[in-house]
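In what follows, a structure is listed as C-alpha cells, so that the remarks can point back to it.
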Amino acid sequence: MIASLTEALPPLAATIEPLGPDAREGISAAAALGFRSVQLSATQPGMRPRELDSGDRRGLRAALSRIGVSCGGVDLWIPQSHFIDAAHVDRALSALDSACGLAADLGRCTVCTSLPAEMSAESWQAVAASADRHGVRVADFAVRQGNDSSRADVPYELVGCGIDPAALIAAGIEPAMHAASLGRRVTAARIVDLLASGMRGPPGEPSGARLDLAAFAAALALGGAAPACCADARQWIDPRAGLASTLARWTGTSDPLGDPSRARHAPSAFPVGRIGEQGT
C-alpha cells in the first residue's frame with residue numbers, strides 16, 4: 001500500500017553524511033543500496049559550497065549522472081541562534097544563500113534548514129530572496145507548537161515547511177495529521193522515526209516503532225505539493241542497514257541487504273581526486 005502512495009512523490013533520497021566522512025564514498029554507497037537520489041550536506045567537508053567552484057560543480061553533476069542518481073536536496077543544519085545573533089546573522093544568511101546556489105547548480109533541489117521564529121522580518125525576506133534569486137525552495141524544519149512554521153509575509157512557494165516526524169513525535173505532535181494540516185505548504189519531509197528508546201531510527205523497526213509510515217506517506221502524497229522526501233539516517237545505529245530497510249518499505253521491494261541478488265553494485269563515479277576533478 002505504501003508503494004502505491006509513494007509513486008506520487010519524488011524518488012526517496014538518502015542522507016550520505018552518515019555513510020562515511022567522504023562525500024564521494026557516501027554517494028556511491030547510497031547508489032549501491034538502490035537509491036536514485038541523494039541528500040547532500042552543505043556542512044560536510046568536500047561538499048561545502050565555498051569549496052566547490054564552477055568546475056567542481058560541473059564535475060559533481062557529471063559524477064551523479066554517471067552513477068545514476070540525482071540530488072534530492074541540500075542540508076544546511078546550523079544553529080538557529082546564528083540567524084538572530086548579531087555576531088553571526090550575516091554569515092548565516094550568506095551560508096544559506098550559498099547553499100541555495102549549490103542547490104540551483106545541482107538541479108534546483110530543495111534546501112533544508114531550521115529557522116527561528118524570532119528571526120527578524122529583514123532576515124526572513126533575505127531567505128526568501130535567496131530562494132527566489134536561485135530558483136529553489138527552502139524548507140524550514142523548525143518545530144513550533146501551534147504554528148505551521150510558515151509566515152504570511154513570505155510566500156510558501158519560496159520558504160515552505162519541512163517535516164521531521166521524529167522531532168514532531170518528541171514534541172507531542174502526530175506527524176501524519178500535521179502533514180495533512182499543512183497541505184501544499186509542505187516542501188520537504190524526512191523519513192525517520194523516534195523509537196521507544198528515545199533514539200532516532202528507521203521506520204518500521206520490529207520493536208519500538210512509533211511512526212505510522214503508511215499514514216504519513218498518505219498525508220504527503222495527498223497534500224498536493226509532492227515534497228522532497230529523504231530517508232534521514234543521522235544518528236541511526238546502523239545507517240546502511242536502516243537505509244536499505246527504509247527504501248524497501250518505501251518502494252515495496254525487497255531489502256537489498258537481505259537479498260544480495262537485489263543489491264545494486266554501482267560503479268564508483270569518483271575514482272580519484274576531489275569531487276570536481278572528474279567530468280570538468
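Ordering of the C-alpha cells sets the chain letters (A, B, ...); residue numbers start at 1 within each chain; ligands are numbered from 1 in the order shown.
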
* Within segment 35-239 of chain A, find each residue whose DSSP state, derived from the backbone, is helix (DSSP H, G or I), and express the selection as a ChimeraX atom specification. => /A:49-51,54-67,80-83,89-105,121-134,165-170,175-185,213-222,239

* To do: Fewer than 5 positions away in the same chain doesn't count, so skip those; otherwise give me all residues within 7 Å of Gly26 of chain A, counting only C-alpha atoms, as a PyMOL selection string.
  => chain A and resi 16-17+19-20

* Which value, in Å to one decimal, gives the distance between atom CA of Thr113 of chain A and atom CA of Ala167 of chain A? -> 13.6 Å

* **segment 76-135 of chain A: residues DSSP assigns to strand (DSSP E or B), reported as an NGL selection string** => :A and (110-113)

For the residues in that selection, give me N, CA, C and O atoms as a compact mmCIF listing (two decimals), in the first residue's frame.
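The result, written out as out.txt:
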# COMPACT_ATOMS: atom_id res chain seq x y z
N THR A 110 15.79 21.23 -3.25
CA THR A 110 15.35 21.95 -2.05
C THR A 110 16.49 22.09 -1.03
O THR A 110 17.28 21.17 -0.83
N VAL A 111 16.53 23.25 -0.39
CA VAL A 111 17.48 23.48 0.70
C VAL A 111 16.75 23.30 2.02
O VAL A 111 15.70 23.92 2.26
N CYS A 112 17.27 22.43 2.88
CA CYS A 112 16.63 22.13 4.16
C CYS A 112 17.42 22.78 5.29
O CYS A 112 18.64 22.59 5.41
N THR A 113 16.71 23.52 6.13
CA THR A 113 17.35 24.19 7.25
C THR A 113 16.33 24.35 8.36
O THR A 113 15.20 23.84 8.27

* Asked: Do you know which residues are at most 7 Å from segment 184-187 of chain A counting only C-alpha atoms, after dropping those on the same chain fewer than 6 positions away, and could you put them as a list in words?
  ->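 Answer for this query is Ala139, Tyr156, Gly160, Cys161, Gly162, Gly223, Gly224, Ala225, Pro227 and Ala228 of chain A.
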
* **For Asp22 of chain A, the nearest of the candidates A:Leu106, A:Ala170, A:Leu40, A:Ile237, counting only C-alpha atoms** => A:Leu40

* So what do you get for atom CA of Ala62 of chain A versus atom CA of Phe35 of chain A, distance-wise? ->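 Value for the atom CA of Ala62 of chain A-atom CA of Phe35 of chain A distance: 17.2 Å.
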
* **Atom pair atom CA of Ala117 of chain A / atom CA of Ala142 of chain A: separation (Å)** =>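 Between atom CA of Ala117 of chain A and atom CA of Ala142 of chain A the gap works out to 8.2 Å.
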
* Write out as a PyMOL selection string each polymer residue whose atoms come within 6 Å of Leu194 of chain A, counting only C-alpha atoms; drop sequence neighbours fewer than 3 positions from it. => chain A and resi 166+199-200

Next, dump the selected residues to file, keeping only N, CA, C and O atoms, as a compact mmCIF listing (two decimals), in the first residue's frame.
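Ended up saving to result-v1.txt:
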# COMPACT_ATOMS: atom_id res chain seq x y z
N ALA A 166 10.37 12.49 13.63
CA ALA A 166 10.99 12.23 14.93
C ALA A 166 10.90 13.46 15.82
O ALA A 166 10.58 13.36 17.01
N MET A 199 15.70 7.12 20.69
CA MET A 199 16.68 7.33 19.63
C MET A 199 15.96 7.51 18.28
O MET A 199 14.88 6.98 18.07
N ARG A 200 16.59 8.29 17.39
CA ARG A 200 16.11 8.36 16.01
C ARG A 200 16.48 7.06 15.31
O ARG A 200 17.54 6.50 15.54

* **Proximity to Arg108 of chain A - best of A:Ala214, A:Val38, A:Ala95, A:Ala131, only C-alpha atoms** =>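 When distances to Arg108 of chain A are compared using only C-alpha atoms, the smallest one comes from A:Ala131.
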
Please tabulate, as CSV, the residues of segment 95-178 of chain A that come within 12 Å of segment 67-86 of chain A, each with its closest pair of atoms and the distance in Å to one decimal, counting only C-alpha atoms and ordering rows by chain, then residue number upward.
residue,atom,partner,partner_atom,distance
A:Ala95,CA,A:Leu76,CA,8.1
A:Leu96,CA,A:Leu76,CA,7.1
A:Asp97,CA,A:Leu76,CA,10.4
A:Ser98,CA,A:Leu76,CA,10.0
A:Ala99,CA,A:Val74,CA,6.9
A:Cys100,CA,A:Val74,CA,8.1
A:Gly101,CA,A:Val74,CA,10.2
A:Leu102,CA,A:Val74,CA,7.9
A:Ala103,CA,A:Val74,CA,6.1
A:Ala104,CA,A:Val74,CA,9.9
A:Asp105,CA,A:Cys71,CA,10.0
A:Leu106,CA,A:Cys71,CA,6.3
A:Gly107,CA,A:Cys71,CA,7.0
A:Arg108,CA,A:Gly73,CA,8.5
A:Cys109,CA,A:Gly73,CA,5.0
A:Thr110,CA,A:Gly73,CA,4.7
A:Val111,CA,A:Val74,CA,4.8
A:Cys112,CA,A:Asp75,CA,4.8
A:Thr113,CA,A:Leu76,CA,5.1
A:Ser114,CA,A:Gln80,CA,6.4
A:Leu115,CA,A:Gln80,CA,5.7
A:Pro116,CA,A:Gln80,CA,5.5
A:Ala117,CA,A:Gln80,CA,9.3
A:Glu118,CA,A:Ile84,CA,7.1
A:Met119,CA,A:Ile84,CA,5.4
A:Ser120,CA,A:Ile84,CA,7.3
A:Ala121,CA,A:Ile84,CA,10.8
A:Glu122,CA,A:Ile84,CA,10.9
A:Ser123,CA,A:Phe83,CA,7.7
A:Trp124,CA,A:Phe83,CA,9.5
A:Ala126,CA,A:Phe83,CA,11.0
A:Val127,CA,A:Phe83,CA,10.3
A:Val136,CA,A:Gly73,CA,10.0
A:Arg137,CA,A:Gly73,CA,9.8
A:Val138,CA,A:Val74,CA,9.6
A:Ala139,CA,A:Asp75,CA,9.6
A:Asp140,CA,A:Leu76,CA,10.5
A:Phe141,CA,A:Trp77,CA,9.8
A:Ala142,CA,A:Gln80,CA,8.8
A:Val143,CA,A:Gln80,CA,11.6
A:Gly162,CA,A:Asp75,CA,11.5

Produce a file of the selected residues containing C-alpha atoms, as an mmCIF file, in the first residue's frame.
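Now in out-v8.cif:
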data_model
loop_
_atom_site.group_PDB
_atom_site.id
_atom_site.type_symbol
_atom_site.label_atom_id
_atom_site.label_comp_id
_atom_site.auth_asym_id
_atom_site.auth_seq_id
_atom_site.Cartn_x
_atom_site.Cartn_y
_atom_site.Cartn_z
ATOM 1 C CA ALA A 95 25.769 30.370 4.121
ATOM 2 C CA LEU A 96 22.115 29.836 3.288
ATOM 3 C CA ASP A 97 22.461 31.849 0.089
ATOM 4 C CA SER A 98 25.488 29.748 -0.888
ATOM 5 C CA ALA A 99 23.542 26.552 -0.181
ATOM 6 C CA CYS A 100 20.750 27.837 -2.431
ATOM 7 C CA GLY A 101 23.320 28.477 -5.146
ATOM 8 C CA LEU A 102 24.651 24.925 -4.851
ATOM 9 C CA ALA A 103 21.120 23.517 -4.913
ATOM 10 C CA ALA A 104 20.428 25.505 -8.089
ATOM 11 C CA ASP A 105 23.555 24.117 -9.748
ATOM 12 C CA LEU A 106 22.544 20.550 -8.841
ATOM 13 C CA GLY A 107 19.090 20.599 -10.416
ATOM 14 C CA ARG A 108 17.217 23.251 -8.440
ATOM 15 C CA CYS A 109 16.645 20.954 -5.498
ATOM 16 C CA THR A 110 15.352 21.950 -2.053
ATOM 17 C CA VAL A 111 17.485 23.484 0.701
ATOM 18 C CA CYS A 112 16.635 22.132 4.160
ATOM 19 C CA THR A 113 17.355 24.186 7.252
ATOM 20 C CA SER A 114 15.785 25.290 10.552
ATOM 21 C CA LEU A 115 14.844 28.929 11.079
ATOM 22 C CA PRO A 116 13.973 30.567 14.411
ATOM 23 C CA ALA A 117 10.584 32.222 14.849
ATOM 24 C CA GLU A 118 12.390 35.205 16.389
ATOM 25 C CA MET A 119 14.275 35.918 13.176
ATOM 26 C CA SER A 120 13.806 39.490 12.001
ATOM 27 C CA ALA A 121 11.486 40.352 9.135
ATOM 28 C CA GLU A 122 14.514 41.510 7.175
ATOM 29 C CA SER A 123 16.201 38.142 7.620
ATOM 30 C CA TRP A 124 13.046 36.275 6.579
ATOM 31 C CA ALA A 126 16.617 37.705 2.819
ATOM 32 C CA VAL A 127 15.970 33.953 2.960
ATOM 33 C CA VAL A 136 14.986 26.927 -5.479
ATOM 34 C CA ARG A 137 12.796 26.348 -2.432
ATOM 35 C CA VAL A 138 13.822 26.474 1.208
ATOM 36 C CA ALA A 139 12.213 24.080 3.686
ATOM 37 C CA ASP A 140 12.047 25.305 7.285
ATOM 38 C CA PHE A 141 12.157 22.344 9.680
ATOM 39 C CA ALA A 142 11.650 24.319 12.898
ATOM 40 C CA VAL A 143 9.056 22.700 15.170
ATOM 41 C CA GLY A 162 9.767 20.898 6.403
#

* To do: Please provide as a list in words all residues within 7 Å of segment 1-8 of chain A, with the sequence filter that same-chain residues fewer than 3 positions apart are discarded (counting only C-alpha atoms).
  =>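 The residues that qualify are Ala214, Ala217, Ala218, Ala221, Trp250, Thr251 and Gly252 of chain A.
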
* Asked: Looking at A:Thr253, A:Ser207, A:Gln125, A:Ser65, which one is nearest to Ile27 of chain A, with distances taken over only C-alpha atoms?
  ->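 Closest to Ile27 of chain A, using only C-alpha atoms: A:Ser65.
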
* **Residue nearest Gly201 of chain A among A:Leu182, A:Ala189, A:Leu243, A:Leu222 (counting only C-alpha atoms)** => A:Leu243
